[in-house]
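Below: one structure, written as structure tokens.
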Amino acid sequence: MSDNNSSSRRRFLVGAAALAATPAVAGLAGSAPASAAGRGGTAEEVTTLTSRRQLGRLKVSSIGLGCQTMTGRLYGPVSSRKDMIRIIRTAVDQRVTLFDTAEAYGPFESERIVGEALRPVRDRVVIASKFGWNIDPDTGQQLPGLNSRPEHIKRAVDGMLRRLRTDHIDLLYQHRVDPAVPIEDVAGAVKDLITAGKVRHWGLSEPGPQTVRRAHAVQPLTAIQNEYNLMWRGAEQQILPLCEELGIGFVCWAPLAYGFTTGTINPYTRFTEGDFRAFVPRNSPENMTANMPLVQMLSEWAVRKGATPGQLSLAWLQAQKPWIVPIPSATRTSHLLENIGTEEVTFTADELREFTTALNAIQIHGERLPAPVLALSGVEAPMPR
């Protein structure tokens, strides 16, 4: 790593911290300048994302923005809806193009926030959303189980288009595989939506590998979205090789392991009431204590690379394949800008081998999701009758 690169990364961290105290950055987000005052009052440039990656035939920014937490119903309350819109517009100003939401987030509210924020720049961004939970398309009532019946999918997408204030969804995922509906029926319904111009690309989230093959045979998939991070690497076993074989992109949700690999969570952390992370087995105090060697390793590498633990976590994911795109969430401008700053963090081939060898030596304790949610991952759809 050159001294110039080290200096650049340090400037980013100073700039991001200062900018967090300002209302916005230039362009859509407001009238504040696109740089922030650093130590001693000097202006420090904030990283603008320039690199792009290919998900199938869809080109997107190398890092996207996950918008699930913006409803204030996953990781605890957020500052305000207005602030969430401002964060999305700041991301656009910094050249993020991939924005990820779902009808289930809220339900509906995340899509409404994304739709309002991105309407002025709709032709510059890629909007991804998801169907598949059993949600009443009219009321938003969460009903038991999953629902990927073709007629339900089409009604759900019409509701998404209204909330997102657009005439098409760039990337539509099945949120979880429905064990009662053949994937051929699901793919056929999405194919109809693509023909109608309401959807442009589609994907699956947390699917079984044979379901991926069957879906792809009916309507080619653009992306698979699974959890993938330094604490959970299950996708490496079957899904990533399958994506490479079939030319499908891969999108990482929870790329920062719900915040653990940022180094800001420890065994003494107590989550607020309603915070989903409190129910994750991996986040019990005893498991977090057992998993602290990972944080220690990241902290040592952060000093060595002049980056943050979170940036190293994202950079490692990106280094695995050129068609992998992480979508970290952010409800603070400083966190968003730190994530974007990952673009300045790279590994040499020797560094990547050394980092991965150290990672492989660390045992992770605790399941990644509560048992009822985990049971919905890796499901194979039933065969057509």
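Naming works like this for the structure tokens: A, B, ... for the chains as they're shown, residue 1 at the start of each chain, ligands 1 onward in shown order.
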Considering only C-alpha atoms, return as JSON, numbers by chain whatever protein or nucleic-acid residues lie within 12 Å of Ile88 of chain A, sequence-local ones (same chain, fewer than 3 positions apart) excluded.
-> {"A": [24, 25, 27, 28, 29, 30, 64, 65, 66, 67, 70, 81, 82, 83, 84, 85, 91, 92, 93, 94, 95, 96, 97, 98, 99, 100, 101, 110, 113, 114, 115, 116, 117, 118, 119, 120, 121, 125, 127, 329, 330, 331, 332, 333, 336, 337]}
Only N, CA and C atoms, please: the residues just picked out, written as a CSV table (one decimal), in the first residue's frame.
```
chain,number,residue,atom,x,y,z
A,24,ALA,N,-26.4,17.4,4.7
A,24,ALA,CA,-26.4,16.6,3.5
A,24,ALA,C,-25.2,16.9,2.7
A,25,VAL,N,-25.0,16.3,1.5
A,25,VAL,CA,-24.0,16.7,0.6
A,25,VAL,C,-24.6,17.3,-0.7
A,27,GLY,N,-26.0,18.3,-4.5
A,27,GLY,CA,-26.9,17.7,-5.4
A,27,GLY,C,-28.3,17.5,-4.9
A,28,LEU,N,-28.8,16.3,-5.0
A,28,LEU,CA,-30.2,16.0,-4.6
A,28,LEU,C,-30.4,16.2,-3.1
A,29,ALA,N,-29.4,15.9,-2.3
A,29,ALA,CA,-29.6,15.8,-0.9
A,29,ALA,C,-29.7,17.2,-0.2
A,30,GLY,N,-29.2,18.2,-0.9
A,30,GLY,CA,-29.3,19.5,-0.3
A,30,GLY,C,-28.3,20.5,-0.8
A,64,GLY,N,-24.0,-1.5,-3.2
A,64,GLY,CA,-25.4,-0.9,-3.2
A,64,GLY,C,-25.8,-0.4,-1.8
A,65,LEU,N,-27.0,0.0,-1.7
A,65,LEU,CA,-27.6,0.4,-0.4
A,65,LEU,C,-28.8,-0.4,-0.1
A,66,GLY,N,-28.7,-1.1,1.0
A,66,GLY,CA,-29.9,-1.9,1.5
A,66,GLY,C,-30.8,-0.9,2.3
A,67,CYS,N,-32.0,-1.0,2.0
A,67,CYS,CA,-33.0,0.0,2.6
A,67,CYS,C,-34.0,-0.6,3.6
A,70,MET,N,-34.4,1.2,7.1
A,70,MET,CA,-34.9,2.6,7.1
A,70,MET,C,-36.3,2.7,7.7
A,81,ARG,N,-38.1,9.8,8.9
A,81,ARG,CA,-38.3,9.4,7.5
A,81,ARG,C,-37.6,10.3,6.5
A,82,LYS,N,-37.6,11.6,6.9
A,82,LYS,CA,-37.0,12.6,6.1
A,82,LYS,C,-35.5,12.4,6.0
A,83,ASP,N,-34.9,12.0,7.1
A,83,ASP,CA,-33.5,11.7,7.1
A,83,ASP,C,-33.1,10.5,6.2
A,84,MET,N,-34.0,9.5,6.2
A,84,MET,CA,-33.8,8.3,5.4
A,84,MET,C,-33.8,8.7,3.9
A,85,ILE,N,-34.7,9.5,3.5
A,85,ILE,CA,-34.8,10.0,2.1
A,85,ILE,C,-33.5,10.8,1.8
A,91,ALA,N,-26.6,9.0,-1.3
A,91,ALA,CA,-26.0,7.8,-2.0
A,91,ALA,C,-26.0,8.0,-3.5
A,92,VAL,N,-27.1,8.6,-4.0
A,92,VAL,CA,-27.1,8.9,-5.4
A,92,VAL,C,-26.1,9.9,-5.8
A,93,ASP,N,-25.9,10.9,-5.0
A,93,ASP,CA,-24.9,11.9,-5.3
A,93,ASP,C,-23.5,11.3,-5.3
A,94,GLN,N,-23.3,10.3,-4.5
A,94,GLN,CA,-22.0,9.7,-4.4
A,94,GLN,C,-21.9,8.5,-5.4
A,95,ARG,N,-22.8,8.4,-6.3
A,95,ARG,CA,-22.9,7.5,-7.5
A,95,ARG,C,-23.1,6.0,-7.1
A,96,VAL,N,-23.8,5.8,-6.0
A,96,VAL,CA,-24.4,4.5,-5.8
A,96,VAL,C,-25.6,4.3,-6.7
A,97,THR,N,-25.7,3.2,-7.4
A,97,THR,CA,-26.8,3.0,-8.3
A,97,THR,C,-27.8,1.9,-7.9
A,98,LEU,N,-27.4,1.0,-7.0
A,98,LEU,CA,-28.3,-0.1,-6.7
A,98,LEU,C,-28.9,0.1,-5.3
A,99,PHE,N,-30.2,0.1,-5.3
A,99,PHE,CA,-31.0,0.3,-4.1
A,99,PHE,C,-32.0,-0.9,-3.9
A,100,ASP,N,-31.9,-1.5,-2.7
A,100,ASP,CA,-32.5,-2.7,-2.4
A,100,ASP,C,-33.6,-2.6,-1.4
A,101,THR,N,-34.8,-3.0,-1.7
A,101,THR,CA,-36.0,-2.9,-0.8
A,101,THR,C,-36.8,-4.2,-1.0
A,110,SER,N,-40.7,0.8,3.4
A,110,SER,CA,-39.4,1.0,2.8
A,110,SER,C,-39.5,1.3,1.3
A,113,ILE,N,-40.4,4.9,0.9
A,113,ILE,CA,-39.3,5.8,1.1
A,113,ILE,C,-38.4,5.8,-0.1
A,114,VAL,N,-38.1,4.6,-0.6
A,114,VAL,CA,-37.2,4.5,-1.8
A,114,VAL,C,-37.9,5.2,-3.0
A,115,GLY,N,-39.2,5.0,-3.2
A,115,GLY,CA,-39.9,5.6,-4.3
A,115,GLY,C,-39.8,7.1,-4.3
A,116,GLU,N,-40.1,7.7,-3.1
A,116,GLU,CA,-40.0,9.1,-3.0
A,116,GLU,C,-38.6,9.7,-3.2
A,117,ALA,N,-37.6,9.0,-2.6
A,117,ALA,CA,-36.3,9.5,-2.7
A,117,ALA,C,-35.7,9.4,-4.2
A,118,LEU,N,-36.1,8.4,-4.9
A,118,LEU,CA,-35.5,8.1,-6.2
A,118,LEU,C,-36.3,8.6,-7.4
A,119,ARG,N,-37.5,9.1,-7.2
A,119,ARG,CA,-38.3,9.5,-8.3
A,119,ARG,C,-37.6,10.6,-9.2
A,120,PRO,N,-36.9,11.5,-8.6
A,120,PRO,CA,-36.3,12.6,-9.5
A,120,PRO,C,-35.1,12.0,-10.3
A,121,VAL,N,-34.6,10.9,-10.0
A,121,VAL,CA,-33.4,10.3,-10.7
A,121,VAL,C,-33.7,8.9,-11.2
A,125,VAL,N,-30.8,5.0,-11.7
A,125,VAL,CA,-30.6,4.1,-10.6
A,125,VAL,C,-31.2,2.7,-11.0
A,127,ILE,N,-33.4,-0.2,-9.1
A,127,ILE,CA,-34.3,-0.5,-8.0
A,127,ILE,C,-34.5,-2.0,-7.9
A,329,SER,N,-26.7,-1.9,4.7
A,329,SER,CA,-27.7,-0.9,5.1
A,329,SER,C,-27.0,0.3,5.8
A,330,ALA,N,-27.7,1.4,5.8
A,330,ALA,CA,-27.2,2.6,6.5
A,330,ALA,C,-28.3,3.5,6.9
A,331,THR,N,-28.4,3.9,8.1
A,331,THR,CA,-29.4,4.9,8.6
A,331,THR,C,-28.7,6.2,9.1
A,332,ARG,N,-27.4,6.2,8.9
A,332,ARG,CA,-26.6,7.4,9.2
A,332,ARG,C,-25.7,7.8,8.0
A,333,THR,N,-25.6,9.0,7.7
A,333,THR,CA,-24.8,9.4,6.6
A,333,THR,C,-23.3,9.0,6.8
A,336,LEU,N,-23.0,5.4,5.7
A,336,LEU,CA,-23.1,5.3,4.2
A,336,LEU,C,-21.7,5.7,3.6
A,337,LEU,N,-21.2,6.8,4.0
A,337,LEU,CA,-19.9,7.3,3.4
A,337,LEU,C,-18.7,6.4,3.7
```
Please produce, as a tab-separated table, a per-residue contact table for segment 102-160 of chain A versus segment 184-189 of chain A (criterion: any atom at most 7 Å away, only C-alpha atoms considered), showing the nearest atom pair and its distance in Å to one decimal, sorted by chain then residue number.
```
residue	atom	partner	partner_atom	distance
A:Ser148	CA	A:Val186	CA	6.5
A:Arg149	CA	A:Val186	CA	7.0
A:Pro150	CA	A:Ala189	CA	5.3
```
Filtering to all heavy atoms, could you give me those residues as a PDB file, in the first residue's frame?
```
ATOM      1  N   SER A 148     -46.271 -17.368  -3.213  1.00  0.00           N
ATOM      2  CA  SER A 148     -45.721 -17.078  -4.531  1.00  0.00           C
ATOM      3  C   SER A 148     -46.611 -17.639  -5.636  1.00  0.00           C
ATOM      4  O   SER A 148     -46.131 -18.016  -6.706  1.00  0.00           O
ATOM      5  CB  SER A 148     -44.297 -17.647  -4.659  1.00  0.00           C
ATOM      6  OG  SER A 148     -43.363 -16.820  -4.010  1.00  0.00           O
ATOM      7  N   ARG A 149     -47.910 -17.683  -5.381  1.00  0.00           N
ATOM      8  CA  ARG A 149     -48.823 -18.079  -6.449  1.00  0.00           C
ATOM      9  C   ARG A 149     -48.786 -17.020  -7.550  1.00  0.00           C
ATOM     10  O   ARG A 149     -48.716 -15.812  -7.244  1.00  0.00           O
ATOM     11  CB  ARG A 149     -50.245 -18.246  -5.926  1.00  0.00           C
ATOM     12  CG  ARG A 149     -50.404 -19.364  -4.896  1.00  0.00           C
ATOM     13  CD  ARG A 149     -51.863 -19.670  -4.614  1.00  0.00           C
ATOM     14  NE  ARG A 149     -52.592 -18.472  -4.211  1.00  0.00           N
ATOM     15  CZ  ARG A 149     -52.694 -18.027  -2.958  1.00  0.00           C
ATOM     16  NH1 ARG A 149     -52.073 -18.684  -1.979  1.00  0.00           N
ATOM     17  NH2 ARG A 149     -53.380 -16.951  -2.681  1.00  0.00           N
ATOM     18  N   PRO A 150     -48.797 -17.420  -8.796  1.00  0.00           N
ATOM     19  CA  PRO A 150     -48.643 -16.451  -9.893  1.00  0.00           C
ATOM     20  C   PRO A 150     -49.592 -15.264  -9.828  1.00  0.00           C
ATOM     21  O   PRO A 150     -49.169 -14.117 -10.047  1.00  0.00           O
ATOM     22  CB  PRO A 150     -48.890 -17.305 -11.139  1.00  0.00           C
ATOM     23  CG  PRO A 150     -48.385 -18.660 -10.746  1.00  0.00           C
ATOM     24  CD  PRO A 150     -48.788 -18.807  -9.296  1.00  0.00           C
TER      25      PRO A 150
END
```
Dump as a Markdown table the rows for residues of segment 276-360 of chain A within 8 Å of segment 247-258 of chain A: closest atom pair and distance in Å with one decimal, only C-alpha atoms counted, ordered by chain and rising residue number.
```
| residue | atom | partner | partner_atom | distance |
| --- | --- | --- | --- | --- |
| A:Arg277 | CA | A:Tyr258 | CA | 7.1 |
| A:Gly310 | CA | A:Leu256 | CA | 6.5 |
| A:Ser313 | CA | A:Leu256 | CA | 6.5 |
| A:Leu314 | CA | A:Pro255 | CA | 6.6 |
| A:Leu317 | CA | A:Pro255 | CA | 7.9 |
| A:Trp323 | CA | A:Gly249 | CA | 5.2 |
| A:Ile324 | CA | A:Phe250 | CA | 4.9 |
| A:Val325 | CA | A:Val251 | CA | 4.8 |
| A:Pro326 | CA | A:Cys252 | CA | 4.5 |
| A:Ile327 | CA | A:Trp253 | CA | 5.8 |
| A:Pro328 | CA | A:Pro255 | CA | 5.9 |
| A:Ser329 | CA | A:Ala254 | CA | 7.9 |
```
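Using only C-alpha atoms, the shortest contact distance between Pro209 of chain A and any of A:Pro372, A:Gly306, A:Gly378, A:Pro77 is found at A:Gly378.
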Would you work out the distance separating atom CA of Glu354 of chain A from atom CA of Glu236 of chain A, expressed in Å to one decimal?
->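 Computing it gives 18.4 Å between the two atoms.
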Based on the backbone DSSP call, show me all residues of segment 248-323 of chain A assigned helix (DSSP H, G or I), as a PDB file with N, CA and C atoms, in the first residue's frame.
```pdb
ATOM      1  N   ALA A 257     -22.479  -8.523   8.723  1.00  0.00           N
ATOM      2  CA  ALA A 257     -22.902  -9.432   9.801  1.00  0.00           C
ATOM      3  C   ALA A 257     -23.698  -8.689  10.868  1.00  0.00           C
ATOM      4  N   TYR A 258     -24.682  -7.911  10.406  1.00  0.00           N
ATOM      5  CA  TYR A 258     -25.549  -7.127  11.302  1.00  0.00           C
ATOM      6  C   TYR A 258     -24.750  -6.147  12.159  1.00  0.00           C
ATOM      7  N   GLY A 259     -23.611  -5.715  11.652  1.00  0.00           N
ATOM      8  CA  GLY A 259     -22.799  -4.722  12.348  1.00  0.00           C
ATOM      9  C   GLY A 259     -21.649  -5.289  13.143  1.00  0.00           C
ATOM     10  N   PHE A 260     -21.597  -6.615  13.313  1.00  0.00           N
ATOM     11  CA  PHE A 260     -20.556  -7.183  14.173  1.00  0.00           C
ATOM     12  C   PHE A 260     -19.163  -6.960  13.604  1.00  0.00           C
ATOM     13  N   THR A 261     -19.005  -7.074  12.283  1.00  0.00           N
ATOM     14  CA  THR A 261     -17.662  -6.925  11.716  1.00  0.00           C
ATOM     15  C   THR A 261     -17.251  -5.470  11.529  1.00  0.00           C
ATOM     16  N   THR A 262     -18.072  -4.532  11.965  1.00  0.00           N
ATOM     17  CA  THR A 262     -17.629  -3.137  12.003  1.00  0.00           C
ATOM     18  C   THR A 262     -16.854  -2.845  13.278  1.00  0.00           C
ATOM     19  N   PHE A 276     -34.086  -6.705  15.887  1.00  0.00           N
ATOM     20  CA  PHE A 276     -34.009  -8.080  15.403  1.00  0.00           C
ATOM     21  C   PHE A 276     -32.733  -8.780  15.859  1.00  0.00           C
ATOM     22  N   ARG A 277     -31.648  -8.036  15.969  1.00  0.00           N
ATOM     23  CA  ARG A 277     -30.365  -8.645  16.299  1.00  0.00           C
ATOM     24  C   ARG A 277     -30.344  -9.305  17.667  1.00  0.00           C
ATOM     25  N   ALA A 278     -31.227  -8.864  18.549  1.00  0.00           N
ATOM     26  CA  ALA A 278     -31.283  -9.457  19.889  1.00  0.00           C
ATOM     27  C   ALA A 278     -31.739 -10.910  19.840  1.00  0.00           C
ATOM     28  N   PHE A 279     -32.402 -11.308  18.761  1.00  0.00           N
ATOM     29  CA  PHE A 279     -32.933 -12.665  18.648  1.00  0.00           C
ATOM     30  C   PHE A 279     -32.039 -13.583  17.808  1.00  0.00           C
ATOM     31  N   PRO A 281     -29.078 -15.965  17.385  1.00  0.00           N
ATOM     32  CA  PRO A 281     -28.241 -16.759  18.303  1.00  0.00           C
ATOM     33  C   PRO A 281     -26.776 -16.343  18.310  1.00  0.00           C
ATOM     34  N   ARG A 282     -26.249 -15.950  17.159  1.00  0.00           N
ATOM     35  CA  ARG A 282     -24.855 -15.524  17.073  1.00  0.00           C
ATOM     36  C   ARG A 282     -24.572 -14.307  17.947  1.00  0.00           C
ATOM     37  N   ASN A 283     -25.624 -13.569  18.314  1.00  0.00           N
ATOM     38  CA  ASN A 283     -25.455 -12.340  19.085  1.00  0.00           C
ATOM     39  C   ASN A 283     -25.710 -12.505  20.579  1.00  0.00           C
ATOM     40  N   PRO A 285     -24.560 -12.991  24.366  1.00  0.00           N
ATOM     41  CA  PRO A 285     -23.300 -12.531  24.970  1.00  0.00           C
ATOM     42  C   PRO A 285     -22.191 -13.573  24.928  1.00  0.00           C
ATOM     43  N   GLU A 286     -22.558 -14.846  25.182  1.00  0.00           N
ATOM     44  CA  GLU A 286     -21.510 -15.877  25.184  1.00  0.00           C
ATOM     45  C   GLU A 286     -20.959 -16.123  23.774  1.00  0.00           C
ATOM     46  N   ASN A 287     -21.831 -16.077  22.766  1.00  0.00           N
ATOM     47  CA  ASN A 287     -21.334 -16.275  21.407  1.00  0.00           C
ATOM     48  C   ASN A 287     -20.531 -15.072  20.918  1.00  0.00           C
ATOM     49  N   MET A 288     -20.967 -13.874  21.288  1.00  0.00           N
ATOM     50  CA  MET A 288     -20.181 -12.701  20.894  1.00  0.00           C
ATOM     51  C   MET A 288     -18.802 -12.724  21.536  1.00  0.00           C
ATOM     52  N   THR A 289     -18.734 -13.175  22.781  1.00  0.00           N
ATOM     53  CA  THR A 289     -17.434 -13.304  23.442  1.00  0.00           C
ATOM     54  C   THR A 289     -16.546 -14.282  22.679  1.00  0.00           C
ATOM     55  N   ALA A 290     -17.128 -15.403  22.287  1.00  0.00           N
ATOM     56  CA  ALA A 290     -16.366 -16.425  21.560  1.00  0.00           C
ATOM     57  C   ALA A 290     -15.949 -15.949  20.175  1.00  0.00           C
ATOM     58  N   MET A 292     -15.094 -12.788  19.359  1.00  0.00           N
ATOM     59  CA  MET A 292     -14.276 -11.584  19.382  1.00  0.00           C
ATOM     60  C   MET A 292     -12.911 -11.736  18.694  1.00  0.00           C
ATOM     61  N   PRO A 293     -12.346 -12.941  18.554  1.00  0.00           N
ATOM     62  CA  PRO A 293     -11.103 -13.039  17.775  1.00  0.00           C
ATOM     63  C   PRO A 293     -11.230 -12.497  16.354  1.00  0.00           C
ATOM     64  N   LEU A 294     -12.408 -12.590  15.763  1.00  0.00           N
ATOM     65  CA  LEU A 294     -12.609 -12.017  14.436  1.00  0.00           C
ATOM     66  C   LEU A 294     -12.488 -10.496  14.482  1.00  0.00           C
ATOM     67  N   VAL A 295     -13.077  -9.880  15.490  1.00  0.00           N
ATOM     68  CA  VAL A 295     -12.983  -8.431  15.634  1.00  0.00           C
ATOM     69  C   VAL A 295     -11.546  -8.010  15.867  1.00  0.00           C
ATOM     70  N   GLN A 296     -10.821  -8.776  16.668  1.00  0.00           N
ATOM     71  CA  GLN A 296      -9.415  -8.470  16.923  1.00  0.00           C
ATOM     72  C   GLN A 296      -8.602  -8.536  15.635  1.00  0.00           C
ATOM     73  N   MET A 297      -8.858  -9.574  14.827  1.00  0.00           N
ATOM     74  CA  MET A 297      -8.144  -9.692  13.560  1.00  0.00           C
ATOM     75  C   MET A 297      -8.442  -8.501  12.661  1.00  0.00           C
ATOM     76  N   LEU A 298      -9.704  -8.122  12.574  1.00  0.00           N
ATOM     77  CA  LEU A 298     -10.086  -6.986  11.740  1.00  0.00           C
ATOM     78  C   LEU A 298      -9.464  -5.692  12.248  1.00  0.00           C
ATOM     79  N   SER A 299      -9.388  -5.543  13.548  1.00  0.00           N
ATOM     80  CA  SER A 299      -8.789  -4.329  14.114  1.00  0.00           C
ATOM     81  C   SER A 299      -7.309  -4.234  13.757  1.00  0.00           C
ATOM     82  N   GLU A 300      -6.620  -5.355  13.802  1.00  0.00           N
ATOM     83  CA  GLU A 300      -5.200  -5.358  13.447  1.00  0.00           C
ATOM     84  C   GLU A 300      -5.009  -5.029  11.974  1.00  0.00           C
ATOM     85  N   TRP A 301      -5.847  -5.602  11.128  1.00  0.00           N
ATOM     86  CA  TRP A 301      -5.747  -5.307   9.697  1.00  0.00           C
ATOM     87  C   TRP A 301      -6.159  -3.867   9.390  1.00  0.00           C
ATOM     88  N   ALA A 302      -7.082  -3.330  10.159  1.00  0.00           N
ATOM     89  CA  ALA A 302      -7.505  -1.942   9.949  1.00  0.00           C
ATOM     90  C   ALA A 302      -6.341  -0.984  10.151  1.00  0.00           C
ATOM     91  N   VAL A 303      -5.542  -1.226  11.191  1.00  0.00           N
ATOM     92  CA  VAL A 303      -4.353  -0.394  11.424  1.00  0.00           C
ATOM     93  C   VAL A 303      -3.365  -0.578  10.279  1.00  0.00           C
ATOM     94  N   ARG A 304      -3.194  -1.799   9.876  1.00  0.00           N
ATOM     95  CA  ARG A 304      -2.232  -2.113   8.818  1.00  0.00           C
ATOM     96  C   ARG A 304      -2.617  -1.486   7.476  1.00  0.00           C
ATOM     97  N   LYS A 305      -3.916  -1.463   7.162  1.00  0.00           N
ATOM     98  CA  LYS A 305      -4.374  -1.003   5.851  1.00  0.00           C
ATOM     99  C   LYS A 305      -4.878   0.441   5.854  1.00  0.00           C
ATOM    100  N   PRO A 309     -12.628  -1.535  10.079  1.00  0.00           N
ATOM    101  CA  PRO A 309     -12.993  -2.956  10.013  1.00  0.00           C
ATOM    102  C   PRO A 309     -14.139  -3.227   9.036  1.00  0.00           C
ATOM    103  N   GLY A 310     -15.125  -2.321   9.003  1.00  0.00           N
ATOM    104  CA  GLY A 310     -16.233  -2.504   8.079  1.00  0.00           C
ATOM    105  C   GLY A 310     -15.798  -2.448   6.627  1.00  0.00           C
ATOM    106  N   GLN A 311     -14.908  -1.512   6.301  1.00  0.00           N
ATOM    107  CA  GLN A 311     -14.407  -1.419   4.933  1.00  0.00           C
ATOM    108  C   GLN A 311     -13.635  -2.666   4.537  1.00  0.00           C
ATOM    109  N   LEU A 312     -12.841  -3.197   5.440  1.00  0.00           N
ATOM    110  CA  LEU A 312     -12.118  -4.437   5.158  1.00  0.00           C
ATOM    111  C   LEU A 312     -13.089  -5.587   4.926  1.00  0.00           C
ATOM    112  N   SER A 313     -14.166  -5.629   5.710  1.00  0.00           N
ATOM    113  CA  SER A 313     -15.171  -6.683   5.551  1.00  0.00           C
ATOM    114  C   SER A 313     -15.797  -6.647   4.166  1.00  0.00           C
ATOM    115  N   LEU A 314     -16.134  -5.463   3.694  1.00  0.00           N
ATOM    116  CA  LEU A 314     -16.742  -5.317   2.372  1.00  0.00           C
ATOM    117  C   LEU A 314     -15.720  -5.575   1.268  1.00  0.00           C
ATOM    118  N   ALA A 315     -14.501  -5.086   1.448  1.00  0.00           N
ATOM    119  CA  ALA A 315     -13.469  -5.263   0.429  1.00  0.00           C
ATOM    120  C   ALA A 315     -13.129  -6.740   0.239  1.00  0.00           C
ATOM    121  N   TRP A 316     -13.141  -7.517   1.321  1.00  0.00           N
ATOM    122  CA  TRP A 316     -12.863  -8.948   1.201  1.00  0.00           C
ATOM    123  C   TRP A 316     -13.947  -9.629   0.375  1.00  0.00           C
ATOM    124  N   LEU A 317     -15.197  -9.277   0.606  1.00  0.00           N
ATOM    125  CA  LEU A 317     -16.293  -9.850  -0.192  1.00  0.00           C
ATOM    126  C   LEU A 317     -16.107  -9.525  -1.669  1.00  0.00           C
ATOM    127  N   GLN A 318     -15.814  -8.273  -1.955  1.00  0.00           N
ATOM    128  CA  GLN A 318     -15.633  -7.859  -3.344  1.00  0.00           C
ATOM    129  C   GLN A 318     -14.456  -8.571  -4.000  1.00  0.00           C
ATOM    130  N   ALA A 319     -13.452  -8.912  -3.212  1.00  0.00           N
ATOM    131  CA  ALA A 319     -12.257  -9.556  -3.757  1.00  0.00           C
ATOM    132  C   ALA A 319     -12.489 -11.015  -4.132  1.00  0.00           C
ATOM    133  N   GLN A 320     -13.611 -11.597  -3.693  1.00  0.00           N
ATOM    134  CA  GLN A 320     -13.852 -13.007  -3.972  1.00  0.00           C
ATOM    135  C   GLN A 320     -14.190 -13.249  -5.443  1.00  0.00           C
TER     136      GLN A 320
END
```
Taking only C-alpha atoms into account, which of A:Val78, A:Gln363, A:Arg112, A:Gln68 comes nearest Thr166 of chain A?
->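 Of the candidates, the smallest distance to Thr166 of chain A is held by A:Arg112.
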May I ask for the distance between atom CA of Gly341 of chain A and atom CA of Glu227 of chain A, given in Å to one decimal place?
->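 One can read the atom CA of Gly341 of chain A to atom CA of Glu227 of chain A distance as 21.5 Å.
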DSSP says strand (DSSP E) for which residues of segment 114-195 of chain A? Put them as an NGL selection string?
-> :A and (126-131 or 133-135 or 142-146 or 169-174)
